[in-house]
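Structure file query-v6.pdb with PDB, C-alpha atoms:
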ATOM      1  CA  MET Q   1       0.000   0.000   0.000
ATOM      2  CA  THR Q   2       1.290   3.460  -0.922
ATOM      3  CA  ARG Q   3       1.003   5.927   1.974
ATOM      4  CA  ALA Q   4       1.579   9.586   2.649
ATOM      5  CA  PHE Q   5       2.252  10.891   6.145
ATOM      6  CA  VAL Q   6       0.278  14.005   7.020
ATOM      7  CA  PHE Q   7       0.577  16.388   9.949
ATOM      8  CA  PRO Q   8      -2.181  18.333  11.749
ATOM      9  CA  GLY Q   9      -2.626  22.072  12.035
ATOM     10  CA  GLN Q  10      -3.822  24.385  14.779
ATOM     11  CA  GLY Q  11      -6.965  23.281  16.559
ATOM     12  CA  SER Q  12      -5.742  19.723  17.180
ATOM     13  CA  GLN Q  13      -3.923  20.678  20.396
ATOM     14  CA  ALA Q  14      -5.264  19.395  23.749
ATOM     15  CA  VAL Q  15      -3.985  19.335  27.319
ATOM     16  CA  GLY Q  16      -2.235  16.001  27.836
ATOM     17  CA  MET Q  17      -1.009  15.837  24.223
ATOM     18  CA  GLY Q  18       2.040  13.614  23.877
ATOM     19  CA  ALA Q  19       1.988  12.515  27.523
ATOM     20  CA  ASP Q  20       1.277   8.844  26.805
ATOM     21  CA  LEU Q  21       3.960   8.779  24.110
ATOM     22  CA  ALA Q  22       6.486  10.331  26.518
ATOM     23  CA  GLY Q  23       5.464   7.807  29.179
ATOM     24  CA  ALA Q  24       6.015   4.862  26.855
ATOM     25  CA  PHE Q  25       9.012   5.923  24.747
ATOM     26  CA  GLY Q  26      12.298   7.575  25.678
ATOM     27  CA  THR Q  27      12.456   8.715  22.041
ATOM     28  CA  ALA Q  28       9.395  10.911  22.604
ATOM     29  CA  ARG Q  29      10.844  12.323  25.836
ATOM     30  CA  ASP Q  30      14.021  13.236  23.936
ATOM     31  CA  VAL Q  31      12.011  15.126  21.297
ATOM     32  CA  LEU Q  32      10.079  17.089  23.921
ATOM     33  CA  GLN Q  33      13.278  17.913  25.810
ATOM     34  CA  GLU Q  34      14.973  19.119  22.623
ATOM     35  CA  VAL Q  35      12.018  21.405  21.851
ATOM     36  CA  ASP Q  36      12.031  22.755  25.430
ATOM     37  CA  GLU Q  37      15.743  23.533  25.147
ATOM     38  CA  ALA Q  38      15.373  25.165  21.720
ATOM     39  CA  LEU Q  39      12.609  27.460  22.992
ATOM     40  CA  LYS Q  40      14.107  28.006  26.470
ATOM     41  CA  GLN Q  41      10.596  27.224  27.721
ATOM     42  CA  ASN Q  42       9.031  24.289  29.582
ATOM     43  CA  LEU Q  43       6.568  23.680  26.757
ATOM     44  CA  SER Q  44       6.321  19.957  27.551
ATOM     45  CA  LYS Q  45       4.933  20.764  31.025
ATOM     46  CA  LEU Q  46       2.355  23.108  29.469
ATOM     47  CA  MET Q  47       1.393  20.372  26.994
ATOM     48  CA  ARG Q  48       1.055  17.821  29.784
ATOM     49  CA  GLU Q  49      -0.685  19.918  32.443
ATOM     50  CA  GLY Q  50      -2.101  23.036  30.799
ATOM     51  CA  PRO Q  51      -3.683  25.438  31.473
ATOM     52  CA  GLU Q  52      -5.567  25.162  28.207
ATOM     53  CA  SER Q  53      -5.793  28.970  27.969
ATOM     54  CA  ASP Q  54      -1.984  29.081  27.573
ATOM     55  CA  LEU Q  55      -1.690  26.008  25.367
ATOM     56  CA  VAL Q  56      -4.137  27.377  22.782
ATOM     57  CA  LEU Q  57      -2.068  30.551  22.308
ATOM     58  CA  THR Q  58      -0.761  30.400  18.749
ATOM     59  CA  GLU Q  59       2.889  30.719  19.797
ATOM     60  CA  ASN Q  60       2.541  27.645  22.070
ATOM     61  CA  ALA Q  61       0.101  25.512  20.089
ATOM     62  CA  GLN Q  62       2.196  25.585  16.910
ATOM     63  CA  PRO Q  63       5.487  24.193  18.308
ATOM     64  CA  ALA Q  64       3.556  21.827  20.609
ATOM     65  CA  LEU Q  65       1.736  20.198  17.700
ATOM     66  CA  MET Q  66       4.977  19.891  15.752
ATOM     67  CA  ALA Q  67       6.732  18.263  18.728
ATOM     68  CA  VAL Q  68       4.128  15.493  19.071
ATOM     69  CA  SER Q  69       4.125  14.866  15.311
ATOM     70  CA  VAL Q  70       7.907  14.519  15.165
ATOM     71  CA  ALA Q  71       7.849  12.290  18.257
ATOM     72  CA  VAL Q  72       5.567   9.850  16.408
ATOM     73  CA  ILE Q  73       7.902   9.748  13.390
ATOM     74  CA  ARG Q  74      11.006   9.242  15.532
ATOM     75  CA  ILE Q  75       9.320   6.408  17.445
ATOM     76  CA  LEU Q  76       8.508   4.694  14.138
ATOM     77  CA  GLU Q  77      12.095   5.160  12.967
ATOM     78  CA  LYS Q  78      14.108   4.526  16.135
ATOM     79  CA  ASP Q  79      11.926   2.164  18.153
ATOM     80  CA  GLY Q  80      10.157   0.544  15.220
ATOM     81  CA  GLY Q  81      13.168   0.387  12.926
ATOM     82  CA  LYS Q  82      11.119   1.764  10.019
ATOM     83  CA  PRO Q  83      12.704   4.712   8.162
ATOM     84  CA  LEU Q  84      10.231   7.289   6.881
ATOM     85  CA  ALA Q  85      11.214   6.779   3.244
ATOM     86  CA  GLY Q  86      10.286   3.093   3.535
ATOM     87  CA  LEU Q  87       6.855   3.884   4.981
ATOM     88  CA  ALA Q  88       5.646   6.862   2.926
ATOM     89  CA  SER Q  89       5.996   8.226  -0.607
ATOM     90  CA  HIS Q  90       5.133  11.828   0.388
ATOM     91  CA  VAL Q  91       4.639  14.121   3.376
ATOM     92  CA  ALA Q  92       2.202  17.016   3.768
ATOM     93  CA  GLY Q  93       0.981  19.182   6.618
ATOM     94  CA  HIS Q  94      -1.996  21.441   7.180
ATOM     95  CA  SER Q  95      -0.672  24.996   7.681
ATOM     96  CA  LEU Q  96       1.832  24.765  10.587
ATOM     97  CA  GLY Q  97       1.848  21.010   9.898
ATOM     98  CA  GLU Q  98       3.998  21.771   6.872
ATOM     99  CA  TYR Q  99       6.854  22.515   9.301
ATOM    100  CA  SER Q 100       6.167  19.202  11.087
ATOM    101  CA  ALA Q 101       6.297  17.446   7.702
ATOM    102  CA  LEU Q 102       9.635  19.056   6.868
ATOM    103  CA  ALA Q 103      11.106  18.151  10.271
ATOM    104  CA  ALA Q 104       9.815  14.588   9.887
ATOM    105  CA  ALA Q 105      11.388  14.326   6.425
ATOM    106  CA  GLY Q 106      14.763  15.595   7.645
ATOM    107  CA  ALA Q 107      14.610  18.883   5.734
ATOM    108  CA  LEU Q 108      14.407  21.004   8.883
ATOM    109  CA  GLU Q 109      16.241  20.452  12.167
ATOM    110  CA  LEU Q 110      13.858  19.920  15.092
ATOM    111  CA  ALA Q 111      15.214  22.892  17.053
ATOM    112  CA  ASP Q 112      14.919  25.163  14.000
ATOM    113  CA  ALA Q 113      11.337  24.004  13.393
ATOM    114  CA  ALA Q 114      10.423  24.777  17.027
ATOM    115  CA  ARG Q 115      11.950  28.261  16.931
ATOM    116  CA  LEU Q 116      10.416  29.084  13.544
ATOM    117  CA  LEU Q 117       6.958  28.031  14.718
ATOM    118  CA  LYS Q 118       7.271  30.030  17.931
ATOM    119  CA  LEU Q 119       8.121  33.101  15.834
ATOM    120  CA  ARG Q 120       5.384  32.263  13.317
ATOM    121  CA  GLY Q 121       2.813  32.128  16.098
ATOM    122  CA  GLN Q 122       4.008  35.383  17.674
ATOM    123  CA  SER Q 123       4.158  37.164  14.304
ATOM    124  CA  MET Q 124       0.677  36.036  13.289
ATOM    125  CA  GLN Q 125      -0.740  37.231  16.596
ATOM    126  CA  LYS Q 126       0.962  40.614  16.316
ATOM    127  CA  ALA Q 127      -0.035  41.172  12.680
ATOM    128  CA  VAL Q 128      -3.634  42.109  13.474
ATOM    129  CA  PRO Q 129      -4.978  43.569  16.754
ATOM    130  CA  VAL Q 130      -7.268  41.192  18.655
ATOM    131  CA  GLY Q 131     -10.885  41.719  17.631
ATOM    132  CA  VAL Q 132     -10.091  43.295  14.250
ATOM    133  CA  GLY Q 133      -9.824  40.014  12.353
ATOM    134  CA  ALA Q 134     -11.847  36.804  12.375
ATOM    135  CA  MET Q 135     -12.262  33.432  10.681
ATOM    136  CA  ALA Q 136     -15.385  31.436   9.873
ATOM    137  CA  ALA Q 137     -16.106  27.909   8.669
ATOM    138  CA  LEU Q 138     -18.561  27.602   5.800
ATOM    139  CA  LEU Q 139     -20.171  24.166   5.565
ATOM    140  CA  GLY Q 140     -21.824  22.724   2.491
ATOM    141  CA  ILE Q 141     -20.103  24.985  -0.038
ATOM    142  CA  GLU Q 142     -17.286  24.479  -2.516
ATOM    143  CA  LEU Q 143     -14.234  26.648  -3.158
ATOM    144  CA  GLU Q 144     -15.434  28.684  -6.146
ATOM    145  CA  ALA Q 145     -18.734  29.698  -4.527
ATOM    146  CA  ALA Q 146     -16.906  30.659  -1.321
ATOM    147  CA  GLN Q 147     -14.456  32.795  -3.306
ATOM    148  CA  GLU Q 148     -17.373  34.579  -4.981
ATOM    149  CA  ALA Q 149     -18.972  35.203  -1.577
ATOM    150  CA  CYS Q 150     -15.706  36.750  -0.348
ATOM    151  CA  LYS Q 151     -15.546  39.083  -3.365
ATOM    152  CA  GLU Q 152     -19.101  40.272  -2.709
ATOM    153  CA  ALA Q 153     -18.481  40.667   1.034
ATOM    154  CA  ALA Q 154     -15.199  42.607   0.908
ATOM    155  CA  GLN Q 155     -16.666  46.099   0.383
ATOM    156  CA  GLY Q 156     -13.260  47.728   0.760
ATOM    157  CA  GLN Q 157     -12.115  45.367   3.516
ATOM    158  CA  ILE Q 158     -10.211  42.077   3.264
ATOM    159  CA  VAL Q 159     -11.830  38.645   3.331
ATOM    160  CA  ALA Q 160     -10.423  35.593   1.549
ATOM    161  CA  VAL Q 161     -10.658  31.825   1.536
ATOM    162  CA  ALA Q 162      -8.046  30.570   4.000
ATOM    163  CA  ASN Q 163      -8.536  26.775   3.892
ATOM    164  CA  ASP Q 164     -10.167  24.542   1.308
ATOM    165  CA  ASN Q 165     -10.473  21.480   3.533
ATOM    166  CA  GLY Q 166     -12.646  19.358   1.254
ATOM    167  CA  GLY Q 167     -16.005  17.711   1.742
ATOM    168  CA  GLY Q 168     -17.764  21.046   1.402
ATOM    169  CA  GLN Q 169     -15.817  22.654   4.253
ATOM    170  CA  VAL Q 170     -14.217  26.008   3.445
ATOM    171  CA  VAL Q 171     -12.726  28.478   5.947
ATOM    172  CA  VAL Q 172     -12.664  32.229   5.273
ATOM    173  CA  SER Q 173     -10.493  34.835   6.969
ATOM    174  CA  GLY Q 174     -10.144  38.625   7.133
ATOM    175  CA  HIS Q 175     -11.644  41.700   8.742
ATOM    176  CA  LYS Q 176     -14.341  40.660  11.213
ATOM    177  CA  GLU Q 177     -17.173  42.616   9.567
ATOM    178  CA  ALA Q 178     -16.231  41.311   6.118
ATOM    179  CA  VAL Q 179     -16.139  37.728   7.415
ATOM    180  CA  GLU Q 180     -19.627  38.194   8.867
ATOM    181  CA  ARG Q 181     -20.837  39.522   5.514
ATOM    182  CA  ALA Q 182     -19.186  36.561   3.747
ATOM    183  CA  ILE Q 183     -21.228  34.128   5.865
ATOM    184  CA  GLU Q 184     -24.449  35.785   4.693
ATOM    185  CA  ALA Q 185     -23.260  35.965   1.066
ATOM    186  CA  ALA Q 186     -22.316  32.276   1.188
ATOM    187  CA  LYS Q 187     -25.753  31.301   2.515
ATOM    188  CA  ALA Q 188     -27.269  32.911  -0.572
ATOM    189  CA  LYS Q 189     -25.033  30.582  -2.620
ATOM    190  CA  GLY Q 190     -26.209  27.413  -0.893
ATOM    191  CA  CYS Q 191     -23.937  27.286   2.170
ATOM    192  CA  LYS Q 192     -25.749  25.214   4.807
ATOM    193  CA  ARG Q 193     -24.072  26.744   7.839
ATOM    194  CA  GLY Q 194     -21.537  29.444   8.680
ATOM    195  CA  MET Q 195     -19.758  29.514  12.038
ATOM    196  CA  MET Q 196     -17.338  32.065  13.436
ATOM    197  CA  LEU Q 197     -14.259  30.221  14.729
ATOM    198  CA  PRO Q 198     -12.681  30.724  18.171
ATOM    199  CA  VAL Q 199      -9.319  31.946  16.844
ATOM    200  CA  SER Q 200      -7.222  34.885  17.930
ATOM    201  CA  ALA Q 201      -6.125  36.089  14.480
ATOM    202  CA  PRO Q 202      -7.228  35.906  10.814
ATOM    203  CA  PHE Q 203      -4.763  33.346   9.427
ATOM    204  CA  HIS Q 204      -4.014  32.726   5.738
ATOM    205  CA  CYS Q 205      -5.221  36.018   4.333
ATOM    206  CA  PRO Q 206      -3.457  39.220   3.173
ATOM    207  CA  LEU Q 207      -3.771  40.745   6.682
ATOM    208  CA  MET Q 208      -0.968  38.331   7.671
ATOM    209  CA  GLN Q 209       1.606  40.060   5.428
ATOM    210  CA  PRO Q 210       3.665  41.370   8.415
ATOM    211  CA  ALA Q 211       3.977  37.767   9.638
ATOM    212  CA  ALA Q 212       5.002  36.606   6.156
ATOM    213  CA  ASP Q 213       7.737  39.264   6.136
ATOM    214  CA  ALA Q 214       8.967  38.081   9.547
ATOM    215  CA  MET Q 215       9.059  34.447   8.382
ATOM    216  CA  LYS Q 216      10.947  35.387   5.205
ATOM    217  CA  ALA Q 217      13.669  37.045   7.295
ATOM    218  CA  ALA Q 218      13.822  34.114   9.734
ATOM    219  CA  LEU Q 219      13.891  31.426   7.023
ATOM    220  CA  GLU Q 220      16.782  33.169   5.275
ATOM    221  CA  LYS Q 221      18.932  32.403   8.354
ATOM    222  CA  VAL Q 222      17.957  28.701   8.519
ATOM    223  CA  THR Q 223      19.467  25.843   6.521
ATOM    224  CA  LEU Q 224      16.987  23.549   4.798
ATOM    225  CA  ALA Q 225      18.023  20.177   3.392
ATOM    226  CA  THR Q 226      16.299  18.229   0.629
ATOM    227  CA  PRO Q 227      13.472  16.226   2.266
ATOM    228  CA  ARG Q 228      13.849  12.433   2.243
ATOM    229  CA  VAL Q 229      10.467  12.189   0.494
ATOM    230  CA  PRO Q 230       8.741  14.970  -1.472
ATOM    231  CA  LEU Q 231       6.632  17.586   0.313
ATOM    232  CA  ILE Q 232       3.158  18.412  -0.999
ATOM    233  CA  ALA Q 233       3.130  22.189  -0.486
ATOM    234  CA  ASN Q 234      -0.041  23.868   0.845
ATOM    235  CA  VAL Q 235       0.025  26.709  -1.663
ATOM    236  CA  LEU Q 236       0.834  24.539  -4.698
ATOM    237  CA  ALA Q 237      -1.115  21.307  -4.031
ATOM    238  CA  SER Q 238       1.809  19.552  -5.726
ATOM    239  CA  GLU Q 239       5.206  18.238  -4.688
ATOM    240  CA  ILE Q 240       8.456  20.089  -4.176
ATOM    241  CA  THR Q 241      11.895  19.021  -2.955
ATOM    242  CA  ASN Q 242      14.168  22.003  -3.673
ATOM    243  CA  PRO Q 243      15.035  23.792  -0.391
ATOM    244  CA  VAL Q 244      14.936  27.263  -2.037
ATOM    245  CA  ASP Q 245      11.434  26.563  -3.387
ATOM    246  CA  ILE Q 246      10.306  25.191  -0.040
ATOM    247  CA  LYS Q 247      11.359  28.369   1.787
ATOM    248  CA  GLN Q 248       9.497  30.518  -0.735
ATOM    249  CA  ARG Q 249       6.328  28.441  -0.339
ATOM    250  CA  LEU Q 250       6.525  28.606   3.463
ATOM    251  CA  VAL Q 251       6.513  32.409   3.207
ATOM    252  CA  GLU Q 252       3.624  32.418   0.716
ATOM    253  CA  GLN Q 253       1.700  30.010   2.955
ATOM    254  CA  VAL Q 254       1.327  32.603   5.748
ATOM    255  CA  THR Q 255      -1.006  34.744   3.619
ATOM    256  CA  GLY Q 256      -2.046  32.097   1.095
ATOM    257  CA  LEU Q 257      -4.793  29.521   0.727
ATOM    258  CA  VAL Q 258      -4.229  26.092   2.299
ATOM    259  CA  ARG Q 259      -5.219  23.935  -0.676
ATOM    260  CA  TRP Q 260      -5.809  20.765   1.354
ATOM    261  CA  ARG Q 261      -8.552  19.231  -0.811
ATOM    262  CA  GLU Q 262      -6.422  19.632  -3.915
ATOM    263  CA  SER Q 263      -3.345  18.341  -2.071
ATOM    264  CA  VAL Q 264      -5.142  15.116  -1.189
ATOM    265  CA  GLN Q 265      -6.417  14.809  -4.759
ATOM    266  CA  TYR Q 266      -2.841  15.300  -6.024
ATOM    267  CA  MET Q 267      -1.627  12.506  -3.744
ATOM    268  CA  LYS Q 268      -4.282  10.239  -5.265
ATOM    269  CA  THR Q 269      -2.746  10.901  -8.716
ATOM    270  CA  GLN Q 270       0.568   9.730  -7.238
ATOM    271  CA  GLN Q 271      -1.030   6.387  -6.299
ATOM    272  CA  VAL Q 272      -1.303   7.250  -2.595
ATOM    273  CA  GLU Q 273      -4.020   5.035  -1.067
ATOM    274  CA  GLN Q 274      -3.770   5.903   2.615
ATOM    275  CA  LEU Q 275      -3.067   9.078   4.588
ATOM    276  CA  VAL Q 276      -1.459   8.426   7.976
ATOM    277  CA  GLU Q 277      -1.930  11.374  10.350
ATOM    278  CA  CYS Q 278       0.933  11.638  12.846
ATOM    279  CA  GLY Q 279       0.516  13.587  16.072
ATOM    280  CA  SER Q 280      -2.364  15.061  18.018
ATOM    281  CA  GLY Q 281      -5.982  14.589  16.931
ATOM    282  CA  LYS Q 282      -7.663  12.908  13.972
ATOM    283  CA  VAL Q 283      -8.910  15.830  11.864
ATOM    284  CA  LEU Q 284      -6.990  15.056   8.663
ATOM    285  CA  ALA Q 285      -7.630  11.310   8.871
ATOM    286  CA  GLY Q 286     -11.331  12.138   9.130
ATOM    287  CA  LEU Q 287     -11.313  14.457   6.107
ATOM    288  CA  VAL Q 288      -9.855  11.874   3.715
ATOM    289  CA  LYS Q 289     -13.078   9.998   2.966
ATOM    290  CA  ARG Q 290     -14.944  13.256   2.377
ATOM    291  CA  ILE Q 291     -12.396  14.208  -0.286
ATOM    292  CA  ASP Q 292     -11.990  10.792  -1.958
ATOM    293  CA  LYS Q 293     -14.013   7.740  -0.982
ATOM    294  CA  GLU Q 294     -11.373   5.349  -2.347
ATOM    295  CA  MET Q 295      -8.671   6.624   0.018
ATOM    296  CA  THR Q 296      -8.394   5.735   3.697
ATOM    297  CA  GLY Q 297      -7.199   7.685   6.717
ATOM    298  CA  LEU Q 298      -5.421   6.452   9.833
ATOM    299  CA  ALA Q 299      -4.352   8.456  12.907
ATOM    300  CA  LEU Q 300      -1.268   7.620  14.997
ATOM    301  CA  ASN Q 301      -1.828   9.300  18.377
ATOM    302  CA  THR Q 302      -1.087   6.704  21.048
ATOM    303  CA  PRO Q 303       1.499   3.999  21.772
ATOM    304  CA  ALA Q 304      -1.174   1.399  20.879
ATOM    305  CA  ASP Q 305      -1.807   3.107  17.508
ATOM    306  CA  ILE Q 306       1.903   3.035  16.718
ATOM    307  CA  GLU Q 307       2.378  -0.593  17.794
ATOM    308  CA  ALA Q 308      -0.594  -1.719  15.683
ATOM    309  CA  PHE Q 309       0.686   0.237  12.684
ATOM    310  CA  LEU Q 310       4.194  -1.220  12.953
ATOM    311  CA  LYS Q 311       2.780  -4.760  12.809
ATOM    312  CA  THR Q 312       1.238  -4.079   9.402
ATOM    313  CA  ALA Q 313       3.713  -1.555   7.931
TER     314      ALA Q 313
END
So, in terms of structure tokens, how does the structure I just supplied come out?
Amino acid sequence: MTRAFVFPGQGSQAVGMGADLAGAFGTARDVLQEVDEALKQNLSKLMREGPESDLVLTENAQPALMAVSVAVIRILEKDGGKPLAGLASHVAGHSLGEYSALAAAGALELADAARLLKLRGQSMQKAVPVGVGAMAALLGIELEAAQEACKEAAQGQIVAVANDNGGGQVVVSGHKEAVERAIEAAKAKGCKRGMMLPVSAPFHCPLMQPAADAMKAALEKVTLATPRVPLIANVLASEITNPVDIKQRLVEQVTGLVRWRESVQYMKTQQVEQLVECGSGKVLAGLVKRIDKEMTGLALNTPADIEAFLKTA
């Protein structure tokens, strides 16, 4: 079976994340310790004990999710004796998960990934004052109709499609009033439901340009290697391996559309049959069937998940 490994984005964090992996595997404890040292912060304690109000802060949630994802990969490789390139043909990550994918594929050092995500979270939060921006999920609508709704709703403000998640789930982002107007415009185009999301900033829209500038400067100082398997880039929905290209796409990704539906469809054209979600939560594994009924999704969250997977891999 041809697999791709995929890595979750923000929203999949939860107090207690990674604790059972750290309890069962020294490899996981080593990953968490390395991230703590890179950030000069006891992030692993926050992940284990909370409070949730601190864990959900973008600057904490992003490196925390990456740490658990990389822990899963290292357990498979070190404890399971299964190198990534022998298990998967591609890697991909949803938004911040792209950094997890690159760390998993050996393109980005773990410490660099942690520091970049900390900065990414801080920069995104600073880019727009709290309360000025918003995001909303539109359910039962496809990409083109959502884009039309955003055009109608802008009225001199910014609102854009941030995530095309597939299965009729599209997320829009921008100025709060414009996002609210986009919900109403989308309903007129057949959207079944529009929900404002509990996020602290309007990710993946042009309002994030200051954060994109900060990431461009930071990425210029970091060395990227060629990933061991190709990365499916969020903004391209196709594969890249050149480190210079990857850096450029990571910058574009801050303001750009996460083309997740198209990314999964691209993987299907590359004969990928199963997406294996590594880390916290099961969001991406759950989306697979809604995008393509012939593909399957599997989530590796717990020691039991990993042990069962290794028996069949």
### 12 Å contact set for Leu287 of chain Q, all atoms listed in the file, chain neighbours under 4 positions out, as a count of residues only
27
### Query
Of the residues Q:Leu32, Q:Val229, Q:Met215, Q:Ala92, which is the one nearest to Gly9 of chain Q, using only C-alpha atoms?
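Result for the nearest residue to Gly9 of chain Q: Q:Ala92.
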### Query
Residues picked by the PyMOL selection byres ((chain Q and resi 78-89) around 10) here, as a PyMOL selection string?
chain Q and resi 1-6+25-27+73-77+90-91+104-106+227-231+267+270-272+274-276+306-307+309-311+313
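In this structure, atom CA of Pro303 of chain Q sits 13.8 Å away from atom CA of Gly281 of chain Q.
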### Who sits within 8 Å of Pro243 of chain Q, only C-alpha atoms, same chain under 3 positions skipped, as a list in words
Ala107, Leu224, Ala225, Thr226, Ile246 and Lys247 of chain Q
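Ranking Q:Val258, Q:Val72, Q:Ala101, Q:Val244 by their shortest atom-to-atom distance to Val170 of chain Q, with only C-alpha atoms included, puts Q:Val258 first.
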### Query
Just so the selection is clear, what residues does the PyMOL selection byres ((chain Q and resi 214) around 12) cover here, as a list in words?
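Applied to this file, the PyMOL selection byres ((chain Q and resi 214) around 12) returns Leu116, Leu117, Lys118, Leu119, Arg120, Gly121, Gln122, Ser123, Met124, Lys126, Ala127, Met208, Gln209, Pro210, Ala211, Ala212, Asp213, Met215, Lys216, Ala217, Ala218, Leu219, Glu220, Lys221, Leu250, Val251, Glu252 and Val254 of chain Q.
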Keeping only C-alpha atoms, take the residues you just selected and write them out as a short mmCIF file (atom, residue, chain, number, x, y, z; two decimals), in the coordinates of the input.
data_model
loop_
_atom_site.label_atom_id
_atom_site.label_comp_id
_atom_site.auth_asym_id
_atom_site.auth_seq_id
_atom_site.Cartn_x
_atom_site.Cartn_y
_atom_site.Cartn_z
CA LEU Q 116 10.42 29.08 13.54
CA LEU Q 117 6.96 28.03 14.72
CA LYS Q 118 7.27 30.03 17.93
CA LEU Q 119 8.12 33.10 15.83
CA ARG Q 120 5.38 32.26 13.32
CA GLY Q 121 2.81 32.13 16.10
CA GLN Q 122 4.01 35.38 17.67
CA SER Q 123 4.16 37.16 14.30
CA MET Q 124 0.68 36.04 13.29
CA LYS Q 126 0.96 40.61 16.32
CA ALA Q 127 -0.04 41.17 12.68
CA MET Q 208 -0.97 38.33 7.67
CA GLN Q 209 1.61 40.06 5.43
CA PRO Q 210 3.66 41.37 8.41
CA ALA Q 211 3.98 37.77 9.64
CA ALA Q 212 5.00 36.61 6.16
CA ASP Q 213 7.74 39.26 6.14
CA MET Q 215 9.06 34.45 8.38
CA LYS Q 216 10.95 35.39 5.20
CA ALA Q 217 13.67 37.04 7.30
CA ALA Q 218 13.82 34.11 9.73
CA LEU Q 219 13.89 31.43 7.02
CA GLU Q 220 16.78 33.17 5.28
CA LYS Q 221 18.93 32.40 8.35
CA LEU Q 250 6.52 28.61 3.46
CA VAL Q 251 6.51 32.41 3.21
CA GLU Q 252 3.62 32.42 0.72
CA VAL Q 254 1.33 32.60 5.75
#
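Within a radius of 6 Å around (-5.6, 40.4, 18.3), the polymer residues are Q:Val128, Q:Pro129, Q:Val130, Q:Gly131, Q:Ser200, Q:Ala201, counting all atoms listed in the file.
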### Message
With the PyMOL selection byres ((chain Q and resi 113) around 9) as the selection, what would be picked from this file? Answer as a PyMOL selection string, please.
### Response
chain Q and resi 35+63+66+99-100+102-103+108-112+114-118
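Interatomic distance, atom CA of Gln10 of chain Q against atom CA of Ala61 of chain Q: 6.7 Å.
Nearest to Val70 of chain Q of all the residues Q:Leu257, Q:Ala185, Q:Leu300, Q:Val172 is Q:Leu300, counting all atoms listed in the file.
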### Task
Compare Q:Ser95, Q:Asn42, Q:Glu37, Q:Ala154 by their minimum atom-to-atom distance to Arg249 of chain Q, counting all atoms listed in the file, and give me the closest one.
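Under the stated criterion, the closest residue is Q:Ser95.
Closest to Gln41 of chain Q among Q:Ala22, Q:Glu59, Q:Asn163, Q:Glu180 is Q:Glu59, based on all atoms listed in the file.
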### Atomic separation - atom CA of Gly11 of chain Q relative to atom CA of Leu65 of chain Q, Å
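A separation of 9.3 Å between them.
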### Message
Taking all atoms listed in the file into account, name the residue in Q:Met17, Q:Ala178, Q:Ile240, Q:Ala134 that is nearest to Ala71 of chain Q.
### Response
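Once distances to Ala71 of chain Q are computed over all atoms listed in the file, the minimum belongs to Q:Met17.
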